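One file, final-v2.cif, carrying mmCIF, C-alpha atoms (C1' of nucleotides):
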```
data_coords
#
loop_
_atom_site.label_atom_id
_atom_site.label_comp_id
_atom_site.auth_asym_id
_atom_site.auth_seq_id
_atom_site.Cartn_x
_atom_site.Cartn_y
_atom_site.Cartn_z
CA MET F 23 124.55 81.10 98.01
CA SER F 24 122.29 83.07 95.71
CA GLU F 25 118.82 84.26 96.56
CA LYS F 26 117.21 82.20 93.87
CA ASN F 27 115.21 80.80 96.72
CA GLU F 28 113.43 84.05 97.18
CA MET F 29 112.87 84.99 93.59
CA LEU F 30 109.51 85.25 91.96
CA ASP F 31 109.19 84.39 88.32
CA ASP F 32 106.59 85.60 85.86
CA LEU F 33 104.26 82.74 86.61
CA ASP F 34 104.32 83.48 90.31
CA ARG F 35 103.53 87.09 89.65
CA SER F 36 100.65 86.19 87.35
CA LEU F 37 99.25 83.90 89.99
CA LEU F 38 99.50 86.59 92.64
CA GLU F 39 97.76 89.03 90.40
CA LEU F 40 94.91 86.63 89.75
CA LEU F 41 94.57 85.85 93.44
CA VAL F 42 94.57 89.48 94.49
CA ARG F 43 91.61 89.96 92.20
CA ASP F 44 89.82 86.86 93.42
CA ALA F 45 91.32 84.58 95.99
CA ARG F 46 88.72 81.94 95.30
CA THR F 47 89.76 81.32 91.72
CA SER F 48 90.04 77.56 91.45
CA LEU F 49 93.36 75.87 90.82
CA LYS F 50 91.86 74.64 87.61
CA ASP F 51 91.14 78.17 86.39
CA LEU F 52 94.44 79.52 87.62
CA ALA F 53 96.19 76.69 85.84
CA ALA F 54 94.36 77.41 82.60
CA GLN F 55 95.15 81.11 82.79
CA VAL F 56 98.86 80.75 83.39
CA GLY F 57 99.33 77.65 81.25
CA LEU F 58 100.22 75.06 83.88
CA SER F 59 98.52 72.01 85.33
CA SER F 60 96.65 72.33 88.58
CA PRO F 61 99.10 70.30 90.64
CA SER F 62 101.86 72.65 89.51
CA VAL F 63 99.84 75.67 90.50
CA SER F 64 99.01 74.08 93.80
CA GLU F 65 102.67 73.50 94.49
CA ARG F 66 103.60 77.06 93.57
CA LEU F 67 100.96 78.49 95.86
CA ARG F 68 102.13 76.25 98.65
CA ARG F 69 105.64 77.57 98.27
CA LEU F 70 104.52 81.18 98.00
CA GLU F 71 102.74 80.76 101.30
CA GLU F 72 105.60 78.91 102.87
CA ARG F 73 108.01 81.67 101.92
CA GLY F 74 105.65 84.28 103.29
CA VAL F 75 105.06 85.96 99.95
CA ILE F 76 101.39 85.28 100.43
CA ARG F 77 100.77 86.32 103.98
CA ALA F 78 97.15 85.29 104.10
CA PHE F 79 94.00 84.46 102.24
CA THR F 80 91.38 86.75 103.61
CA VAL F 81 88.15 88.61 103.01
CA GLU F 82 87.79 92.34 102.82
CA ILE F 83 84.84 93.48 104.86
CA ASP F 84 82.93 96.71 104.42
CA PRO F 85 83.18 98.53 107.77
CA LEU F 86 79.84 100.14 107.07
CA ALA F 87 78.17 96.76 107.18
CA LEU F 88 79.33 96.48 110.77
CA GLY F 89 78.08 99.91 111.67
CA TYR F 90 81.41 101.70 111.45
CA THR F 91 80.26 104.79 109.64
CA LEU F 92 83.31 106.87 110.43
CA GLN F 93 87.03 106.50 109.91
CA ALA F 94 89.81 108.74 111.09
CA ILE F 95 93.55 109.03 110.77
CA VAL F 96 95.13 109.82 114.08
CA ARG F 97 98.68 111.03 114.56
CA ILE F 98 99.92 110.12 117.99
CA LYS F 99 102.90 111.57 119.82
CA PRO F 100 103.44 109.86 123.15
CA LEU F 101 104.52 112.02 126.06
CA PRO F 102 108.10 111.46 127.24
CA GLY F 103 108.51 107.99 128.68
CA LYS F 104 105.07 106.82 127.56
CA LEU F 105 105.97 105.33 124.21
CA HIS F 106 105.58 101.70 125.13
CA ILE F 107 102.45 102.21 127.16
CA VAL F 108 100.87 104.09 124.31
CA GLN F 109 101.83 101.47 121.76
CA LYS F 110 100.37 98.72 123.91
CA LEU F 111 97.19 100.72 124.39
CA ILE F 112 96.78 101.23 120.66
CA GLU F 113 97.26 97.56 119.98
CA GLU F 114 94.63 96.65 122.52
CA ILE F 115 91.98 98.96 121.18
CA ALA F 116 90.31 96.92 118.47
CA GLU F 117 88.97 99.98 116.71
CA PHE F 118 92.49 100.79 115.55
CA GLY F 119 92.52 99.08 112.18
CA GLU F 120 96.08 99.92 111.27
CA CYS F 121 99.05 101.59 112.94
CA ASP F 122 102.48 102.54 111.69
CA LYS F 123 105.44 103.72 113.69
CA VAL F 124 107.09 106.47 111.72
CA THR F 125 110.01 108.85 111.68
CA GLY F 126 109.39 112.46 112.45
CA ASP F 127 107.58 114.35 115.09
CA ASP F 128 104.55 112.15 115.36
CA CYS F 129 105.51 108.73 116.45
CA PHE F 130 102.46 106.74 115.35
CA ILE F 131 99.98 107.15 112.56
CA ALA F 132 96.88 105.06 112.99
CA ARG F 133 93.53 104.37 111.37
CA LEU F 134 90.49 104.33 113.57
CA PHE F 135 87.12 102.76 112.82
CA VAL F 136 84.24 104.17 114.85
CA ARG F 137 80.46 104.13 114.83
CA SER F 138 80.03 107.73 115.85
CA ILE F 139 81.84 110.90 116.78
CA GLY F 140 81.05 110.02 120.36
CA ASP F 141 82.96 106.80 120.07
CA LEU F 142 85.87 108.65 118.51
CA ASP F 143 85.97 111.00 121.45
CA GLY F 144 85.76 108.13 123.88
CA ILE F 145 88.69 106.35 122.36
CA LEU F 146 90.88 109.40 122.07
CA ASP F 147 90.16 110.17 125.71
CA ARG F 148 91.77 106.89 126.67
CA ILE F 149 95.02 108.11 125.14
CA ALA F 150 94.76 111.78 125.98
CA ASP F 151 96.75 111.63 129.20
CA LYS F 152 99.61 109.70 127.64
CA ALA F 153 100.05 111.32 124.25
CA GLU F 154 99.29 114.28 122.07
CA THR F 155 96.96 113.35 119.27
CA SER F 156 95.92 115.03 116.09
CA THR F 157 92.92 113.67 114.26
CA ALA F 158 91.75 113.93 110.69
CA ILE F 159 88.35 112.59 109.73
CA ILE F 160 88.24 110.64 106.49
CA LYS F 161 85.89 112.21 103.98
CA ALA F 162 86.58 109.90 101.06
CA GLN F 163 88.88 107.10 100.02
CA PRO F 164 90.39 107.78 96.61
CA ILE F 165 92.48 104.61 96.93
CA ARG F 166 91.47 101.70 99.06
CA ARG F 167 94.16 99.33 100.20
CA ARG F 168 95.87 97.75 97.23
CA PRO F 169 99.15 95.88 96.86
CA PRO F 170 102.26 97.46 95.36
CA PRO F 171 102.82 96.93 91.64
CA LEU F 172 103.28 93.26 90.84
CA GLY F 173 104.97 93.98 87.54
CA ALA F 174 108.61 93.56 86.60
CA GLN F 175 111.03 92.86 89.39
CA SER F 176 114.14 94.97 89.72
CA GLU F 177 116.59 92.49 91.20
CA MET Y 26 60.29 99.07 105.50
CA SER Y 27 62.80 97.99 108.12
CA GLU Y 28 66.47 97.42 107.52
CA LYS Y 29 66.23 93.76 108.34
CA ASN Y 30 67.66 93.35 104.90
CA GLU Y 31 70.92 94.79 105.99
CA MET Y 32 71.26 93.15 109.35
CA LEU Y 33 73.91 90.64 110.23
CA ASP Y 34 73.07 87.92 112.69
CA ASP Y 35 75.45 86.00 114.92
CA LEU Y 36 76.00 83.31 112.33
CA ASP Y 37 77.00 85.85 109.71
CA ARG Y 38 79.45 87.42 112.09
CA SER Y 39 80.95 84.07 112.98
CA LEU Y 40 81.37 83.27 109.33
CA LEU Y 41 83.04 86.59 108.66
CA GLU Y 42 85.41 86.05 111.53
CA LEU Y 43 86.39 82.63 110.26
CA LEU Y 44 86.90 83.95 106.75
CA VAL Y 45 89.01 86.88 107.85
CA ARG Y 46 91.32 84.39 109.48
CA ASP Y 47 91.38 82.10 106.47
CA ALA Y 48 89.35 82.80 103.39
CA ARG Y 49 90.01 79.33 102.08
CA THR Y 50 88.19 77.54 104.85
CA SER Y 51 85.92 75.09 103.07
CA LEU Y 52 82.17 75.40 103.23
CA LYS Y 53 82.20 72.07 104.93
CA ASP Y 54 84.46 73.30 107.73
CA LEU Y 55 82.64 76.59 108.03
CA ALA Y 56 79.39 74.68 108.26
CA ALA Y 57 80.72 72.41 110.97
CA GLN Y 58 82.03 75.35 112.97
CA VAL Y 59 78.86 77.40 112.94
CA GLY Y 60 76.47 74.46 113.08
CA LEU Y 61 74.83 74.69 109.68
CA SER Y 62 74.90 72.59 106.51
CA SER Y 63 77.20 73.61 103.71
CA PRO Y 64 74.45 74.69 101.34
CA SER Y 65 73.19 77.04 104.03
CA VAL Y 66 76.62 78.50 104.53
CA SER Y 67 77.06 78.85 100.81
CA GLU Y 68 73.82 80.76 100.57
CA ARG Y 69 74.75 83.06 103.43
CA LEU Y 70 78.10 83.86 101.88
CA ARG Y 71 76.46 84.54 98.57
CA ARG Y 72 74.15 87.05 100.21
CA LEU Y 73 76.95 88.66 102.19
CA GLU Y 74 78.78 89.24 98.95
CA GLU Y 75 75.69 90.40 97.16
CA ARG Y 76 74.98 92.95 99.86
CA GLY Y 77 78.56 94.16 99.75
CA VAL Y 78 79.37 93.14 103.30
CA ILE Y 79 82.13 91.00 101.89
CA ARG Y 80 83.82 93.27 99.42
CA ALA Y 81 86.30 90.74 98.13
CA PHE Y 82 88.13 87.51 98.66
CA THR Y 83 91.78 88.36 98.31
CA VAL Y 84 95.34 87.53 99.26
CA GLU Y 85 97.57 89.66 101.38
CA ILE Y 86 100.99 89.95 99.81
CA ASP Y 87 104.21 90.80 101.59
CA PRO Y 88 105.56 93.93 99.88
CA LEU Y 89 109.08 92.82 100.73
CA ALA Y 90 108.68 89.79 98.51
CA LEU Y 91 108.18 92.16 95.62
CA GLY Y 92 111.21 94.22 96.50
CA TYR Y 93 109.35 97.03 98.25
CA THR Y 94 111.63 97.45 101.21
CA LEU Y 95 110.36 100.86 102.22
CA GLN Y 96 106.98 102.30 103.09
CA ALA Y 97 106.09 105.88 103.83
CA ILE Y 98 103.08 107.88 104.90
CA VAL Y 99 102.78 111.04 102.87
CA ARG Y 100 100.57 113.97 103.75
CA ILE Y 101 99.67 115.90 100.67
CA LYS Y 102 98.30 119.42 100.45
CA PRO Y 103 97.53 120.40 96.89
CA LEU Y 104 98.27 123.96 95.86
CA PRO Y 105 95.21 126.15 95.20
CA GLY Y 106 93.28 124.87 92.23
CA LYS Y 107 95.31 121.70 91.90
CA LEU Y 108 93.19 119.38 94.00
CA HIS Y 109 91.74 117.30 91.22
CA ILE Y 110 94.96 117.05 89.28
CA VAL Y 111 96.77 115.90 92.36
CA GLN Y 112 94.13 113.32 93.22
CA LYS Y 113 94.25 111.93 89.71
CA LEU Y 114 98.03 111.78 89.83
CA ILE Y 115 97.99 109.89 93.12
CA GLU Y 116 95.51 107.38 91.77
CA GLU Y 117 97.65 106.77 88.72
CA ILE Y 118 100.86 106.14 90.60
CA ALA Y 119 100.68 102.46 91.44
CA GLU Y 120 103.10 102.78 94.31
CA PHE Y 121 100.41 104.54 96.32
CA GLY Y 122 98.88 101.63 98.15
CA GLU Y 123 96.22 103.58 99.99
CA CYS Y 124 94.94 107.14 100.03
CA ASP Y 125 92.39 108.92 102.18
CA LYS Y 126 90.92 112.34 101.69
CA VAL Y 127 90.68 113.95 105.08
CA THR Y 128 89.52 117.03 106.92
CA GLY Y 129 92.11 119.48 108.11
CA ASP Y 130 95.06 121.17 106.68
CA ASP Y 131 96.47 118.27 104.71
CA CYS Y 132 94.02 117.14 102.16
CA PHE Y 133 95.28 113.62 101.45
CA ILE Y 134 97.07 111.06 103.54
CA ALA Y 135 98.60 108.27 101.50
CA ARG Y 136 100.72 105.18 101.87
CA LEU Y 137 103.60 104.73 99.51
CA PHE Y 138 105.43 101.49 98.70
CA VAL Y 139 108.92 101.98 97.29
CA ARG Y 140 112.02 99.93 96.61
CA SER Y 141 114.49 102.61 97.66
CA ILE Y 142 114.84 106.12 98.93
CA GLY Y 143 115.65 107.09 95.37
CA ASP Y 144 112.29 105.84 94.19
CA LEU Y 145 110.61 107.74 96.98
CA ASP Y 146 112.29 110.90 95.87
CA GLY Y 147 111.36 110.26 92.27
CA ILE Y 148 107.70 109.82 93.06
CA LEU Y 149 107.47 112.83 95.34
CA ASP Y 150 109.11 114.90 92.63
CA ARG Y 151 106.20 114.17 90.36
CA ILE Y 152 103.89 115.84 92.84
CA ALA Y 153 106.21 118.54 94.08
CA ASP Y 154 105.04 121.25 91.71
CA LYS Y 155 101.37 120.67 92.43
CA ALA Y 156 101.30 120.15 96.17
CA GLU Y 157 103.13 120.48 99.45
CA THR Y 158 104.05 117.12 100.84
CA SER Y 159 105.26 115.93 104.19
CA THR Y 160 106.69 112.47 104.42
CA ALA Y 161 107.17 110.06 107.30
CA ILE Y 162 109.12 106.86 106.78
CA ILE Y 163 107.58 103.78 108.35
CA LYS Y 164 109.92 102.18 110.86
CA ALA Y 165 107.62 99.48 112.14
CA GLN Y 166 104.03 98.32 111.87
CA PRO Y 167 102.54 97.73 115.29
CA ILE Y 168 99.20 96.94 113.70
CA ARG Y 169 98.85 95.68 110.20
CA ARG Y 170 95.55 96.16 108.45
CA ARG Y 171 92.76 94.44 110.33
CA PRO Y 172 89.02 94.78 110.19
CA PRO Y 173 87.02 96.64 112.81
CA PRO Y 174 85.62 94.55 115.67
CA LEU Y 175 83.13 91.99 114.42
CA GLY Y 176 81.55 91.55 117.81
CA ALA Y 177 78.14 92.70 118.98
CA GLN Y 178 76.25 95.04 116.71
CA SER Y 179 74.79 98.24 118.13
CA GLU Y 180 71.69 98.65 116.00
"C1'" DG J 16 128.08 60.49 80.77
"C1'" DA J 17 126.01 59.35 85.11
"C1'" DT J 18 123.62 61.58 89.23
"C1'" DG J 19 120.75 64.71 91.45
"C1'" DC J 20 117.59 68.50 91.44
"C1'" DG J 21 113.84 71.43 90.01
"C1'" DC J 22 109.92 71.66 87.68
"C1'" DC J 23 106.46 69.94 85.09
"C1'" DC J 24 103.06 66.44 83.40
"C1'" DT J 25 98.91 62.82 83.32
"C1'" DA J 26 95.74 59.76 85.45
"C1'" DA J 27 93.49 57.99 89.46
"C1'" DT J 28 91.50 58.96 93.79
"C1'" DA J 29 89.58 61.61 97.43
"C1'" DT J 30 87.19 65.70 98.84
"C1'" DA J 31 84.30 69.53 98.38
"C1'" DA J 32 80.72 72.47 96.12
"C1'" DT J 33 76.40 72.75 93.95
"C1'" DT J 34 71.87 71.53 92.75
"C1'" DA J 35 67.29 69.76 93.45
"C1'" DG J 36 63.56 68.88 96.24
"C1'" DG J 37 61.26 69.37 100.31
"C1'" DA J 38 60.40 70.30 105.80
"C1'" DC J 39 59.23 73.68 108.99
"C1'" DA J 40 58.27 77.95 111.60
"C1'" DA J 41 56.95 82.61 111.54
"C1'" DT J 42 54.26 86.06 109.34
"C1'" DA J 43 50.98 87.98 106.53
"C1'" DT J 44 46.27 87.28 104.03
"C1'" DC J 45 41.67 86.26 103.31
"C1'" DG K 10 41.00 80.80 112.28
"C1'" DA K 11 42.44 78.46 108.13
"C1'" DT K 12 45.62 79.23 104.38
"C1'" DA K 13 49.07 81.15 101.59
"C1'" DT K 14 53.75 83.10 101.67
"C1'" DT K 15 58.36 83.82 102.87
"C1'" DG K 16 62.69 82.76 104.71
"C1'" DT K 17 65.75 79.56 106.36
"C1'" DC K 18 67.22 75.31 106.88
"C1'" DC K 19 67.84 70.30 105.82
"C1'" DT K 20 69.39 65.71 103.14
"C1'" DA K 21 70.78 63.24 99.15
"C1'" DA K 22 72.42 63.11 94.48
"C1'" DT K 23 75.30 65.13 91.16
"C1'" DT K 24 79.03 67.72 89.45
"C1'" DA K 25 83.28 69.96 89.93
"C1'" DT K 26 87.61 70.47 92.14
"C1'" DA K 27 91.75 69.30 94.78
"C1'" DT K 28 95.15 66.00 95.97
"C1'" DT K 29 98.04 62.17 95.46
"C1'" DA K 30 101.00 58.98 93.12
"C1'" DG K 31 104.15 57.99 89.69
"C1'" DG K 32 107.08 59.39 86.18
"C1'" DG K 33 109.44 62.44 82.27
"C1'" DC K 34 112.68 65.93 80.94
"C1'" DG K 35 116.22 69.50 80.94
"C1'" DC K 36 120.07 71.32 83.27
"C1'" DA K 37 123.80 71.71 86.16
"C1'" DT K 38 127.46 69.07 88.76
"C1'" DC K 39 130.96 65.96 89.40
#
```
Will you turn the file into structure tokens for me?
Amino acid sequence: MSEKNEMLDDLDRSLLELLVRDARTSLKDLAAQVGLSSPSVSERLRRLEERGVIRAFTVEIDPLALGYTLQAIVRIKPLPGKLHIVQKLIEEIAEFGECDKVTGDDCFIARLFVRSIGDLDGILDRIADKAETSTAIIKAQPIRRRPPPLGAQSE
Amino acid sequence: MSEKNEMLDDLDRSLLELLVRDARTSLKDLAAQVGLSSPSVSERLRRLEERGVIRAFTVEIDPLALGYTLQAIVRIKPLPGKLHIVQKLIEEIAEFGECDKVTGDDCFIARLFVRSIGDLDGILDRIADKAETSTAIIKAQPIRRRPPPLGAQSE
DNA sequence: GATGCGCCCTAATATAATTAGGACAATATC
DNA sequence: GATATTGTCCTAATTATATTAGGGCGCATC
């Protein structure tokens, strides 16, 4: 009846922390660092994945390397009745690298990767007749995507 | 003199695509899928990392698994003269999972992971005397973080 | 005080990564 | 126009790692 099933212990949290830093750390090294054997670590990772705690092993790519020299945050307020169309459109445009549906006046807040101001204009044009948009160009990134604190668990 | 050094070819892009999907794909499998030998793949990955194209191998963690049931997007406009203090403060608060410095009226746009509305309030309080903030609670995530299109390169 | 469950271990086996050495084509050099 | 040079790739041998198989131990349950 309890949620023991979904609880993370200290070892799990240590493993997550190590993997966030470097997902290629070998089981052997992980095991050594948390004080378990590698089969035990392997089993824990399997269960963390199975439970969805670890959503994916992935690589972080520098957008610049792909020619995306510009990023923008776009607030998007669909015109009446256009919400679903707009959402679909956003999802289909691959340059949107992130999109959240939020409370408040703006309905969506999205991140856009583009190669030039021209491209930015082109993409916003595709939405212009279905939503009001408000765009802020990113000048710097004080914090790049990072996970929430892995430290002590409240519950 | 050219930027050949910094160019990605089709094989590199295929490798990146495979790794974004699953960073644990073995060299052997990668090699089979792109039609190279594993030492060649290994060497290409090494260079992609060296050049900074691949910024990191990492795991994506579900914030919910850590008890972070709430996310918010906060627009932050530091009061006159407080810009640097505010930026430093944001960086130090681990619950900020992302922060961009942007053009326009709001200076920063940040993502906040919290466990409760109370926590949200607590964190915003720490900034309240140094900046104006405007908060939008995330209701849904139509697009979760994804890289820009890896397809054809312009230059 | 037996039974089952969760979690861990070691040792053996299977699989993958790395290293070493060299082929080959394209490009620059004399 | 012959000859280095560079970059990229290969195979085969070696080393390192992951996985599997089998079992121990503590703890809660009945």
Reference answer for the PyMOL selection byres ((chain F) within 6 of (chain Y)), as a ChimeraX atom specification: /F:42,44-45,75-84,87,116-117,119-125,158-171
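Taken over the shown file, the PyMOL selection byres ((chain K and resi 22-32) around 9) identifies Ser48, Leu49, Lys50, Ser60, Pro61 and Ser64 of chain F; DC24, DA27, DT28, DA29, DT30, DA31, DA32, DT33, DT34 and DA35 of chain J; DA21 and DG33 of chain K.
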Evaluate the PyMOL selection byres ((chain Y) within 9 of (chain K)) and report residues as a ChimeraX atom specification: /Y:61-62,65
Two-atom distance - atom CA of Arg66 of chain F, atom CA of Ala56 of chain Y (Å):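 Those two atoms sit 28.4 Å apart.
What separates atom CA of Ile107 of chain F from atom CA of Ile139 of chain F is a distance of 24.7 Å.
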For Ala156 of chain Y: contacts at 9 Å, all atoms listed in the file, fewer than 6 positions along chain excluded, given as an MDAnalysis selection string: chainID Y and resid 101:105 107:108 111
10 Å contacts from chain J to chain F using all atoms listed in the file, as a list in words: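 Therefore, the residues near the partner are DC22, DC23, DC24 and DT25 of chain J.
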Point-to-point distance from atom CA of Leu70 of chain Y to atom CA of Leu40 of chain Y, Å rounded to tenths: 8.2 Å
